[in-house]
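J.: Below is start-v4.cif; it holds mmCIF, C-alpha atoms and all ligand atoms.
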```cif
data_query
loop_
_atom_site.label_atom_id
_atom_site.label_comp_id
_atom_site.auth_asym_id
_atom_site.auth_seq_id
_atom_site.Cartn_x
_atom_site.Cartn_y
_atom_site.Cartn_z
CA MET J 9 1.99 -33.93 -11.32
CA LYS J 10 4.87 -35.62 -9.54
CA THR J 11 5.69 -37.73 -12.63
CA PHE J 12 5.49 -34.66 -14.85
CA HIS J 13 8.04 -32.88 -12.63
CA ALA J 14 10.32 -35.88 -12.59
CA SER J 15 10.34 -36.14 -16.39
CA LEU J 16 11.09 -32.43 -16.68
CA VAL J 17 14.10 -32.87 -14.41
CA VAL J 18 15.35 -35.76 -16.58
CA ILE J 19 14.85 -33.75 -19.78
CA CYS J 20 16.65 -30.73 -18.31
CA ALA J 21 19.52 -32.87 -17.07
CA LEU J 22 19.83 -34.33 -20.60
CA CYS J 23 19.85 -30.82 -22.09
CA ALA J 24 22.72 -29.81 -19.85
CA PHE J 25 24.78 -32.93 -20.50
CA GLY J 26 23.84 -33.01 -24.18
CA ASN J 27 25.31 -29.57 -24.84
CA PRO J 28 28.54 -29.09 -22.91
CA ALA J 29 29.43 -25.83 -24.68
CA LYS J 30 26.16 -24.22 -23.66
CA SER J 31 26.46 -25.41 -20.07
CA LYS J 32 30.01 -24.04 -19.85
CA ALA J 33 28.89 -20.66 -21.15
CA ALA J 34 26.07 -20.56 -18.59
CA ASP J 35 28.57 -21.27 -15.79
CA LYS J 36 30.92 -18.52 -16.87
CA LYS J 37 30.69 -15.52 -14.55
CA PRO J 38 30.46 -12.12 -16.20
CA ASP J 39 33.59 -9.99 -15.81
CA ARG J 40 32.32 -7.01 -13.85
CA GLN J 41 34.29 -4.21 -12.21
CA VAL J 42 33.50 -1.83 -9.38
CA ALA J 43 35.28 1.01 -7.58
CA ILE J 44 34.30 1.60 -3.95
CA THR J 45 33.87 5.06 -2.47
CA ILE J 46 32.93 5.88 1.14
CA ASP J 47 31.42 9.28 2.02
CA ASP J 48 30.84 11.49 5.07
CA LEU J 49 34.14 10.86 6.86
CA PRO J 50 35.31 10.61 9.52
CA ALA J 51 31.82 9.28 10.44
CA ALA J 52 28.40 9.80 8.90
CA SER J 53 26.64 9.95 12.28
CA ASN J 54 27.16 12.99 14.46
CA LEU J 55 26.20 10.90 17.50
CA LEU J 56 29.31 8.70 17.57
CA PRO J 57 31.97 9.74 20.09
CA ALA J 58 35.59 9.79 18.90
CA PRO J 59 36.60 6.41 20.45
CA ALA J 60 33.70 4.73 18.60
CA ILE J 61 34.83 6.44 15.37
CA THR J 62 38.37 5.13 15.87
CA GLU J 63 37.05 1.60 16.50
CA MET J 64 34.71 1.75 13.49
CA THR J 65 37.43 3.11 11.20
CA THR J 66 39.94 0.46 12.32
CA LYS J 67 37.46 -2.36 11.70
CA LEU J 68 36.33 -1.07 8.30
CA LEU J 69 39.82 -0.33 7.01
CA THR J 70 41.32 -3.59 8.29
CA THR J 71 38.83 -5.64 6.24
CA LEU J 72 39.34 -3.49 3.15
CA ARG J 73 43.15 -3.57 3.42
CA ASP J 74 43.28 -7.33 4.11
CA GLN J 75 41.21 -7.95 0.99
CA LYS J 76 43.27 -5.46 -1.06
CA ILE J 77 40.25 -3.34 -2.02
CA PRO J 78 41.12 0.13 -3.40
CA VAL J 79 38.90 2.82 -1.81
CA VAL J 80 38.56 6.59 -1.93
CA GLY J 81 37.00 8.15 1.19
CA PHE J 82 35.26 11.55 1.01
CA VAL J 83 35.61 13.96 3.92
CA ASN J 84 33.39 16.58 5.55
CA GLU J 85 35.91 18.46 7.69
CA LYS J 86 33.19 20.12 9.76
CA LYS J 87 32.79 16.71 11.43
CA LEU J 88 36.31 17.07 12.86
CA TYR J 89 35.43 20.02 15.09
CA LYS J 90 33.92 18.50 18.19
CA SER J 91 35.22 19.92 21.44
CA GLY J 92 37.89 17.75 23.03
CA GLU J 93 37.85 15.26 20.13
CA VAL J 94 39.54 17.14 17.30
CA ASP J 95 42.87 15.29 17.49
CA GLU J 96 41.29 11.85 17.65
CA ARG J 97 38.94 12.65 14.78
CA ILE J 98 41.83 13.91 12.63
CA ASN J 99 43.73 10.74 13.53
CA ALA J 100 40.78 8.64 12.31
CA LEU J 101 41.11 10.41 8.94
CA ARG J 102 44.87 9.93 8.94
CA MET J 103 44.30 6.18 9.35
CA TRP J 104 42.76 6.07 5.87
CA LEU J 105 46.04 7.23 4.38
CA ASP J 106 48.22 5.15 6.74
CA PHE J 107 46.26 2.06 5.62
CA GLY J 108 46.98 2.92 1.97
CA PHE J 109 43.66 4.47 0.93
CA GLU J 110 42.96 7.88 -0.62
CA LEU J 111 40.87 10.84 0.59
CA GLY J 112 38.82 13.31 -1.41
CA ASN J 113 36.66 16.37 -0.70
CA HIS J 114 32.92 16.19 0.03
CA THR J 115 32.69 19.89 1.07
CA PHE J 116 33.27 21.23 4.59
CA SER J 117 29.70 21.08 5.87
CA HIS J 118 27.97 18.69 3.42
CA ALA J 119 26.35 21.64 1.65
CA SER J 120 23.88 20.97 -1.13
CA LEU J 121 24.57 22.88 -4.35
CA ASN J 122 20.79 22.86 -4.86
CA ARG J 123 20.13 24.70 -1.61
CA VAL J 124 22.95 27.08 -0.68
CA GLY J 125 23.70 28.77 -4.00
CA LEU J 126 26.85 28.57 -6.11
CA LYS J 127 29.06 31.08 -4.27
CA ALA J 128 28.41 29.72 -0.77
CA TRP J 129 28.86 26.19 -2.10
CA GLU J 130 32.21 27.06 -3.69
CA ASP J 131 33.35 28.52 -0.36
CA ASP J 132 32.31 25.27 1.34
CA VAL J 133 34.38 23.28 -1.17
CA ILE J 134 37.45 25.43 -0.42
CA GLN J 135 36.91 25.28 3.34
CA GLY J 136 36.70 21.49 3.04
CA GLU J 137 40.29 21.24 1.80
CA SER J 138 42.32 22.48 4.79
CA VAL J 139 43.04 19.45 6.98
CA THR J 140 42.64 16.79 4.29
CA SER J 141 45.18 18.51 2.03
CA LEU J 142 47.70 18.61 4.89
CA LEU J 143 47.14 14.91 5.66
CA LEU J 144 47.51 14.04 1.97
CA ALA J 145 50.74 16.09 1.80
CA GLU J 146 52.12 14.04 4.74
CA HIS J 147 51.72 11.05 2.42
CA LYS J 148 53.04 12.89 -0.65
CA MET J 149 49.58 12.90 -2.16
CA LYS J 150 47.33 15.65 -3.52
CA MET J 151 43.58 16.08 -3.32
CA ARG J 152 42.14 15.07 -6.67
CA TYR J 153 38.54 13.84 -6.22
CA PHE J 154 35.31 15.60 -5.35
CA ARG J 155 31.92 14.09 -4.49
CA HIS J 156 28.76 16.24 -4.49
CA PRO J 157 26.86 16.10 -1.16
CA TYR J 158 23.44 14.43 -1.63
CA LEU J 159 24.62 13.91 -5.25
CA ASP J 160 23.08 17.36 -5.81
CA THR J 161 24.75 18.61 -8.99
CA GLY J 162 22.62 21.73 -9.54
CA ARG J 163 19.02 22.68 -10.19
CA ASP J 164 19.79 24.30 -13.54
CA LEU J 165 22.35 23.57 -16.21
CA GLN J 166 24.19 26.87 -15.88
CA THR J 167 24.81 26.33 -12.16
CA ARG J 168 25.81 22.73 -12.81
CA ARG J 169 28.33 23.68 -15.48
CA GLU J 170 29.76 26.63 -13.50
CA ALA J 171 30.25 24.39 -10.46
CA GLU J 172 31.96 21.78 -12.64
CA ALA J 173 34.27 24.37 -14.18
CA PHE J 174 35.12 25.64 -10.67
CA LEU J 175 35.99 22.10 -9.53
CA VAL J 176 38.13 21.40 -12.60
CA ALA J 177 39.95 24.72 -12.14
CA ARG J 178 40.81 23.69 -8.56
CA GLY J 179 42.25 20.41 -9.84
CA TYR J 180 39.36 18.07 -9.04
CA ARG J 181 37.85 15.19 -10.90
CA ILE J 182 34.19 14.71 -10.07
CA ALA J 183 33.45 11.27 -8.65
CA PRO J 184 30.12 10.05 -10.07
CA ILE J 185 28.29 7.02 -8.68
CA THR J 186 26.30 4.25 -10.38
CA LEU J 187 25.51 1.91 -7.45
CA ASP J 188 23.76 3.11 -4.28
CA ALA J 189 21.75 0.94 -1.87
CA TRP J 190 21.03 3.74 0.61
CA ASP J 191 23.23 2.31 3.34
CA TRP J 192 22.81 5.62 5.22
CA ALA J 193 19.14 4.85 5.88
CA TYR J 194 19.93 1.35 7.14
CA ALA J 195 22.90 2.63 9.13
CA GLY J 196 20.92 5.10 11.24
CA VAL J 197 18.58 2.32 12.39
CA TYR J 198 21.47 -0.16 12.73
CA GLU J 199 23.54 2.16 14.91
CA ASP J 200 20.54 2.76 17.16
CA ALA J 201 20.04 -1.02 17.54
CA LYS J 202 23.76 -1.40 18.27
CA LYS J 203 23.61 1.28 20.95
CA ARG J 204 20.68 -0.56 22.56
CA GLY J 205 22.55 -3.89 22.33
CA ASP J 206 19.79 -5.37 20.14
CA ALA J 207 21.79 -8.00 18.22
CA ALA J 208 18.72 -9.56 16.58
CA ALA J 209 17.65 -6.23 15.07
CA GLN J 210 21.20 -5.59 13.82
CA GLU J 211 21.31 -9.01 12.17
CA GLU J 212 17.94 -8.50 10.52
CA LEU J 213 18.92 -5.06 9.20
CA ALA J 214 22.23 -6.35 7.83
CA LYS J 215 20.41 -9.18 6.05
CA SER J 216 17.87 -6.78 4.56
CA TYR J 217 20.66 -4.38 3.52
CA LEU J 218 22.59 -7.11 1.71
CA SER J 219 19.54 -8.43 -0.08
CA TYR J 220 18.43 -4.92 -1.10
CA SER J 221 22.00 -4.24 -2.33
CA ASP J 222 21.88 -7.39 -4.46
CA ALA J 223 18.61 -6.19 -6.04
CA VAL J 224 20.02 -2.69 -6.63
CA PHE J 225 23.16 -4.07 -8.32
CA ALA J 226 21.08 -6.38 -10.57
CA TYR J 227 18.84 -3.45 -11.54
CA ALA J 228 21.83 -1.19 -12.30
CA GLU J 229 23.45 -3.87 -14.49
CA GLN J 230 20.23 -4.23 -16.50
CA GLN J 231 19.64 -0.48 -16.68
CA ALA J 232 23.18 0.08 -17.98
CA LYS J 233 22.83 -2.57 -20.67
CA GLN J 234 19.56 -1.08 -21.87
CA LEU J 235 20.87 2.49 -21.86
CA ILE J 236 24.41 2.24 -23.14
CA GLY J 237 24.63 -1.33 -24.39
CA TYR J 238 27.09 -2.63 -21.79
CA GLU J 239 27.87 -2.62 -18.08
CA PRO J 240 30.38 0.14 -17.38
CA LYS J 241 32.99 0.02 -14.65
CA GLN J 242 30.62 0.74 -11.80
CA ILE J 243 31.20 3.15 -8.89
CA LEU J 244 29.61 2.27 -5.55
CA LEU J 245 28.53 4.82 -2.95
CA LEU J 246 28.83 3.81 0.72
CA HIS J 247 29.07 5.87 3.91
CA GLY J 248 31.35 5.80 6.95
CA ASN J 249 29.12 3.97 9.42
CA GLN J 250 29.02 0.99 11.76
CA LEU J 251 26.86 -1.06 9.39
CA GLU J 252 29.66 -1.02 6.83
CA ALA J 253 32.37 -1.56 9.46
CA ASP J 254 30.57 -4.70 10.70
CA HIS J 255 29.35 -6.08 7.34
CA ILE J 256 31.59 -4.82 4.52
CA GLY J 257 33.08 -8.33 4.19
CA GLU J 258 29.66 -9.76 3.33
CA LEU J 259 29.06 -6.94 0.82
CA LEU J 260 32.40 -7.73 -0.86
CA ASP J 261 31.40 -11.42 -1.05
CA LEU J 262 28.11 -10.42 -2.64
CA PHE J 263 30.03 -8.50 -5.33
CA ARG J 264 32.30 -11.48 -5.96
CA LYS J 265 29.25 -13.73 -6.37
CA ARG J 266 28.00 -11.37 -9.06
CA GLY J 267 31.36 -11.64 -10.86
CA TYR J 268 32.89 -8.32 -9.80
CA ARG J 269 36.57 -7.39 -9.43
CA PHE J 270 37.56 -4.37 -7.36
CA ILE J 271 39.30 -1.52 -9.19
CA THR J 272 40.49 1.99 -8.36
CA LEU J 273 38.28 5.03 -8.90
CA GLU J 274 40.87 6.26 -11.41
CA ASP J 275 40.50 3.05 -13.40
CA ALA J 276 36.68 3.25 -13.28
CA LEU J 277 36.70 6.86 -14.50
CA GLY J 278 38.64 5.74 -17.58
CA ASP J 279 35.44 4.05 -18.79
CA SER J 280 34.04 6.08 -21.70
CA ALA J 281 30.58 5.89 -20.08
CA TYR J 282 31.66 8.71 -17.79
CA SER J 283 32.09 10.97 -20.83
CA LEU J 284 28.55 10.34 -22.10
CA PRO J 285 26.23 13.31 -22.65
CA ASP J 286 24.79 14.30 -19.27
CA THR J 287 22.47 17.27 -18.99
CA TYR J 288 20.66 16.06 -15.86
CA VAL J 289 19.38 18.80 -13.54
CA GLY J 290 16.87 18.45 -10.75
CA GLU J 291 15.86 19.12 -7.18
CA GLU J 292 16.91 15.61 -6.15
CA GLY J 293 20.40 14.26 -6.60
CA THR J 294 20.64 10.80 -8.16
CA GLY J 295 23.11 8.35 -9.68
CA TRP J 296 24.73 8.69 -13.08
CA LEU J 297 22.75 5.84 -14.68
CA ASP J 298 19.66 7.97 -14.03
CA HIS J 299 21.55 11.01 -15.40
CA TRP J 300 22.20 9.19 -18.68
CA ALA J 301 18.65 7.84 -18.87
CA ILE J 302 17.05 11.24 -18.29
CA THR J 303 19.48 12.87 -20.75
CA GLN J 304 18.22 10.32 -23.32
CA GLY J 305 14.63 11.30 -22.48
CA LYS J 306 13.94 8.02 -20.69
CA ILE J 307 12.29 7.80 -17.30
CA PRO J 308 14.08 5.23 -15.10
CA GLN J 309 11.61 2.48 -14.21
CA GLY J 310 11.55 -0.71 -12.19
CA ALA J 311 14.08 0.21 -9.50
CA PRO J 312 13.80 -2.07 -6.46
CA VAL J 313 11.60 -0.59 -3.75
CA PHE J 314 13.41 0.34 -0.55
CA PRO J 315 11.93 -1.58 2.42
CA GLN J 316 9.19 0.58 3.92
CA ALA J 317 9.74 -0.81 7.42
CA VAL J 318 13.32 0.50 7.44
CA ILE J 319 12.17 3.93 6.21
CA GLU J 320 9.57 4.06 9.00
CA LYS J 321 12.18 3.22 11.63
CA TRP J 322 14.59 5.75 10.14
CA LYS J 323 11.89 8.45 10.22
CA ALA J 324 11.08 7.64 13.85
CA LEU J 325 14.75 8.27 14.71
CA ALA J 326 14.97 11.33 12.44
CA PRO J 327 15.21 13.98 15.19
CA THR J 328 18.44 12.32 16.35
CA GLN J 329 19.85 11.87 12.83
CA PRO J 330 22.57 14.17 11.48
ZN ZN X 1 27.50 12.67 1.89
#
```
If you took the structure in this file and wrote it as structure tokens, what would it be?
T.:
Amino acid sequence: MKTFHASLVVICALCAFGNPAKSKAADKKPDRQVAITIDDLPAASNLLPAPAITEMTTKLLTTLRDQKIPVVGFVNEKKLYKSGEVDERINALRMWLDFGFELGNHTFSHASLNRVGLKAWEDDVIQGESVTSLLLAEHKMKMRYFRHPYLDTGRDLQTRREAEAFLVARGYRIAPITLDAWDWAYAGVYEDAKKRGDAAAQEELAKSYLSYSDAVFAYAEQQAKQLIGYEPKQILLLHGNQLEADHIGELLDLFRKRGYRFITLEDALGDSAYSLPDTYVGEEGTGWLDHWAITQGKIPQGAPVFPQAVIEKWKALAPTQP
């Protein structure tokens, strides 16, 4: 058996040397592109006090700015109104613009279009503009992007289309997503471990998160190729949490290893994939690759399974989750 292995190695080595063109092609990294978006600002968790939000925001934005990564952050202004902390929370939002990033609307209270009804949801969109629009105006910018809470785009096509027309009429572009590794589920457990000072648990969760992300990205790349024949400019969904603040650098490295460059959301939306037929409706929000698949009558299959142990821990903490 040992000899057999050894000869295989020799044969393979010969193959590689014998065909330089082929080996060069195999080494060539694919040219992939991704836009990063970060939701639920100023902080996904309602348990973080304002000083922790300031610290988290500074850490996250410093890494992103140093590495020249364009990002759009999506705000839930309801999260600003905590007694005694309003100014500091607004300042955490302002930091996004001071650091050179952009902010968009994610509704005032993170209302689901699938639950609250169209009229109440539209009111929540409008209420979500007040402070963010003022902050954008300070930087000579205007609100231009909207992200649906829970990715819930409507339970029926009429509601979906009416909501879209409402958003367009108010000057928004809808920000779809194609990559999502459920960092919110990891983050709840991670932030609890951090609060308890359990460094080993934090490390383990970060490792699991990065490896699950890698699997999710690989799956999305394959799914896209099968559905539309190429990998579109992807759009990643993250959330404002301590897991990202502590580990975003490793996530960026993971993207680079897969051959990605970082682009603006505006650039990504220029990809014709985002104009593909999309008649998805459902109780559960999901990413746009699933939208396109279901529109084509295909049931998405083979997605990586989210680690059950993390789900169990997240459920155990659920009463304290936002
Ligand atoms: Zn959200």
J.: Identify, counting only C-alpha atoms and all ligand atoms, the protein, DNA and RNA residues located within 6 Å of ligand ZN 1 (chain X), and give them as a PyMOL selection string.
T.: chain J and resi 47-48+157-158
J.: Can you work out which one of J:Pro312, J:Pro50, J:Gly136, J:Gly293 has the shortest atom-to-atom distance to Pro184 (chain J), counting all atoms listed in the file?
T.: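 Ranking J:Pro312, J:Pro50, J:Gly136, J:Gly293 by distance to Pro184 (chain J), first place goes to J:Gly293.
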J.: In Å, how far is it from CA of Leu260 (chain J) to CA of Asp222 (chain J)?
T.: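 Spanning CA of Leu260 (chain J) to CA of Asp222 (chain J) is a straight-line distance of 11.1 Å.
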J.: Residues of region 32-141 of chain J within 9 Å of region 276-279 of chain J: nearest atom pair and distance (Å, one decimal) for each, counting only C-alpha atoms, sorted by chain and number, as a Markdown table?
T.:
```
| residue | atom | partner | partner_atom | distance |
| --- | --- | --- | --- | --- |
| J:Gln41 | CA | J:Ala276 | CA | 7.9 |
| J:Val42 | CA | J:Ala276 | CA | 7.2 |
| J:Ala43 | CA | J:Ala276 | CA | 6.3 |
```
J.: Any idea what the distance is between CA of Leu187 (chain J) and CA of Leu262 (chain J)?
T.: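 Pair CA of Leu187 (chain J) / CA of Leu262 (chain J) returns 13.5 Å.
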J.: Quick one: everything within 12 Å of Glu172 (chain J), counting only C-alpha atoms, minus sequence neighbours fewer than 2 positions away in the same chain. Send it as a list in words.
T.: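 Listing them by chain and then by number gives Leu121, Leu126, Trp129, Glu130, Val133, Phe154, Arg155, His156, Thr161, Gly162, Leu165, Gln166, Thr167, Arg168, Arg169, Glu170, Phe174, Leu175, Val176, Ala177, Arg178, Gly179, Tyr180, Arg181, Ile182 and Ala183 of chain J.
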J.: For C-alpha atoms, I'd like the residues from the last selection saved as a PDB file, keeping the file's coordinate frame.
T.:
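Saved result, again07.pdb, follows:
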```pdb
ATOM      1  CA  LEU J 121      24.570  22.880  -4.350  1.00  0.00           C
ATOM      2  CA  LEU J 126      26.850  28.570  -6.110  1.00  0.00           C
ATOM      3  CA  TRP J 129      28.860  26.190  -2.100  1.00  0.00           C
ATOM      4  CA  GLU J 130      32.210  27.060  -3.690  1.00  0.00           C
ATOM      5  CA  VAL J 133      34.380  23.280  -1.170  1.00  0.00           C
ATOM      6  CA  PHE J 154      35.310  15.600  -5.350  1.00  0.00           C
ATOM      7  CA  ARG J 155      31.920  14.090  -4.490  1.00  0.00           C
ATOM      8  CA  HIS J 156      28.760  16.240  -4.490  1.00  0.00           C
ATOM      9  CA  THR J 161      24.750  18.610  -8.990  1.00  0.00           C
ATOM     10  CA  GLY J 162      22.620  21.730  -9.540  1.00  0.00           C
ATOM     11  CA  LEU J 165      22.350  23.570 -16.210  1.00  0.00           C
ATOM     12  CA  GLN J 166      24.190  26.870 -15.880  1.00  0.00           C
ATOM     13  CA  THR J 167      24.810  26.330 -12.160  1.00  0.00           C
ATOM     14  CA  ARG J 168      25.810  22.730 -12.810  1.00  0.00           C
ATOM     15  CA  ARG J 169      28.330  23.680 -15.480  1.00  0.00           C
ATOM     16  CA  GLU J 170      29.760  26.630 -13.500  1.00  0.00           C
ATOM     17  CA  PHE J 174      35.120  25.640 -10.670  1.00  0.00           C
ATOM     18  CA  LEU J 175      35.990  22.100  -9.530  1.00  0.00           C
ATOM     19  CA  VAL J 176      38.130  21.400 -12.600  1.00  0.00           C
ATOM     20  CA  ALA J 177      39.950  24.720 -12.140  1.00  0.00           C
ATOM     21  CA  ARG J 178      40.810  23.690  -8.560  1.00  0.00           C
ATOM     22  CA  GLY J 179      42.250  20.410  -9.840  1.00  0.00           C
ATOM     23  CA  TYR J 180      39.360  18.070  -9.040  1.00  0.00           C
ATOM     24  CA  ARG J 181      37.850  15.190 -10.900  1.00  0.00           C
ATOM     25  CA  ILE J 182      34.190  14.710 -10.070  1.00  0.00           C
ATOM     26  CA  ALA J 183      33.450  11.270  -8.650  1.00  0.00           C
TER      27      ALA J 183
END
```
J.: Write out as an MDAnalysis selection string which residues come within 9 Å of Phe263 (chain J) when counting all atoms listed in the file, dropping same-chain ones fewer than 4 positions away.
T.: chainID J and resid 40 42 222 225 258:259 267:270
J.: For Leu111 (chain J), find every residue with an atom within 7 Å (counting all atoms listed in the file), except residues of its own chain fewer than 4 positions away, and show them as a count of residues only.
T.: 4
J.: From the options J:Trp190, J:Trp104, J:Trp296, J:Tyr217, which residue's atoms come nearest to Leu246 (chain J), counting all atoms listed in the file?
T.: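 The answer is J:Trp190, which sits nearest to Leu246 (chain J).
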J.: Have a look at CA of Met151 (chain J) and CA of Ser138 (chain J) and let me know their distance in Å, one decimal.
T.: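 Computed distance, CA of Met151 (chain J) to CA of Ser138 (chain J), equals 10.4 Å.
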J.: Name all residues at most 7 Å from Ile185 (chain J) (count all atoms listed in the file; drop same-chain ones fewer than 4 positions away) and give them as a PyMOL selection string.
T.: chain J and resi 243-245+295-296
J.: Considering all atoms listed in the file, tabulate each residue of region 178-250 of chain J that lies at most 12 Å from region 300-310 of chain J along with its nearest interatomic pair and the corresponding distance in Å to one decimal; arrange the rows by chain and ascending residue number and present them as CSV.
T.:
```
residue,atom,partner,partner_atom,distance
J:Pro184,CA,J:Trp300,CA,11.7
J:Ile185,CA,J:Trp300,CA,11.9
J:Thr186,CA,J:Trp300,CA,10.5
J:Ala223,CA,J:Gly310,CA,10.8
J:Val224,CA,J:Gly310,CA,10.3
J:Ala226,CA,J:Gly310,CA,11.2
J:Tyr227,CA,J:Gly310,CA,7.8
J:Ala228,CA,J:Gly310,CA,10.3
J:Gln230,CA,J:Gly310,CA,10.3
J:Gln231,CA,J:Pro308,CA,8.1
J:Ala232,CA,J:Ala301,CA,9.0
J:Lys233,CA,J:Ala301,CA,11.4
J:Gln234,CA,J:Ala301,CA,9.5
J:Leu235,CA,J:Ala301,CA,6.5
J:Ile236,CA,J:Trp300,CA,8.5
```
J.: Residues as selected, C-alpha atoms, written as a PDB file, keeping the file's coordinate frame, can you do that?
T.:
```pdb
ATOM      1  CA  PRO J 184      30.120  10.050 -10.070  1.00  0.00           C
ATOM      2  CA  ILE J 185      28.290   7.020  -8.680  1.00  0.00           C
ATOM      3  CA  THR J 186      26.300   4.250 -10.380  1.00  0.00           C
ATOM      4  CA  ALA J 223      18.610  -6.190  -6.040  1.00  0.00           C
ATOM      5  CA  VAL J 224      20.020  -2.690  -6.630  1.00  0.00           C
ATOM      6  CA  ALA J 226      21.080  -6.380 -10.570  1.00  0.00           C
ATOM      7  CA  TYR J 227      18.840  -3.450 -11.540  1.00  0.00           C
ATOM      8  CA  ALA J 228      21.830  -1.190 -12.300  1.00  0.00           C
ATOM      9  CA  GLN J 230      20.230  -4.230 -16.500  1.00  0.00           C
ATOM     10  CA  GLN J 231      19.640  -0.480 -16.680  1.00  0.00           C
ATOM     11  CA  ALA J 232      23.180   0.080 -17.980  1.00  0.00           C
ATOM     12  CA  LYS J 233      22.830  -2.570 -20.670  1.00  0.00           C
ATOM     13  CA  GLN J 234      19.560  -1.080 -21.870  1.00  0.00           C
ATOM     14  CA  LEU J 235      20.870   2.490 -21.860  1.00  0.00           C
ATOM     15  CA  ILE J 236      24.410   2.240 -23.140  1.00  0.00           C
TER      16      ILE J 236
END
```
J.: Which one is closest to Val124 (chain J): J:Lys87, J:Lys148, J:Lys76, J:Arg163? Count only C-alpha atoms.
T.: J:Arg163
J.: Can you tell me which residues surround Gly257 (chain J) at a distance of at most 9 Å, considering only C-alpha atoms, apart from same-chain residues fewer than 4 positions away, and format the answer as a list in words?
T.: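 Returned residues: Leu68, Thr71, Leu72, Gln75, Glu252, Ala253, Asp261 and Leu262 of chain J.
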J.: Could those selected residues go to a file with C-alpha atoms, as an mmCIF file, in the coordinates of the input?
T.:
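Okay, again.cif is ready:
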```
data_model
loop_
_atom_site.group_PDB
_atom_site.id
_atom_site.type_symbol
_atom_site.label_atom_id
_atom_site.label_comp_id
_atom_site.auth_asym_id
_atom_site.auth_seq_id
_atom_site.Cartn_x
_atom_site.Cartn_y
_atom_site.Cartn_z
ATOM 1 C CA LEU J 68 36.330 -1.070 8.300
ATOM 2 C CA THR J 71 38.830 -5.640 6.240
ATOM 3 C CA LEU J 72 39.340 -3.490 3.150
ATOM 4 C CA GLN J 75 41.210 -7.950 0.990
ATOM 5 C CA GLU J 252 29.660 -1.020 6.830
ATOM 6 C CA ALA J 253 32.370 -1.560 9.460
ATOM 7 C CA ASP J 261 31.400 -11.420 -1.050
ATOM 8 C CA LEU J 262 28.110 -10.420 -2.640
#
```
J.: Of the candidates J:Gly248, J:Gly92, J:Pro38, J:Gly205, which one gets nearest to Thr66 (chain J) if we count only C-alpha atoms?
T.: J:Gly248
J.: Smallest atom-to-atom distance to Asp275 (chain J): which of J:Gly125, J:Gly196, J:Pro78, J:Pro59, using all atoms listed in the file?
T.: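 The shortest atom-to-atom distance to Asp275 (chain J) comes from J:Pro78.
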J.: Nearest to Ile256 (chain J) among J:Asp131, J:Asp191, J:Met149, J:Ala207, with distances taken over only C-alpha atoms: which residue is it?
T.: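 The closest residue to Ile256 (chain J) is J:Asp191.
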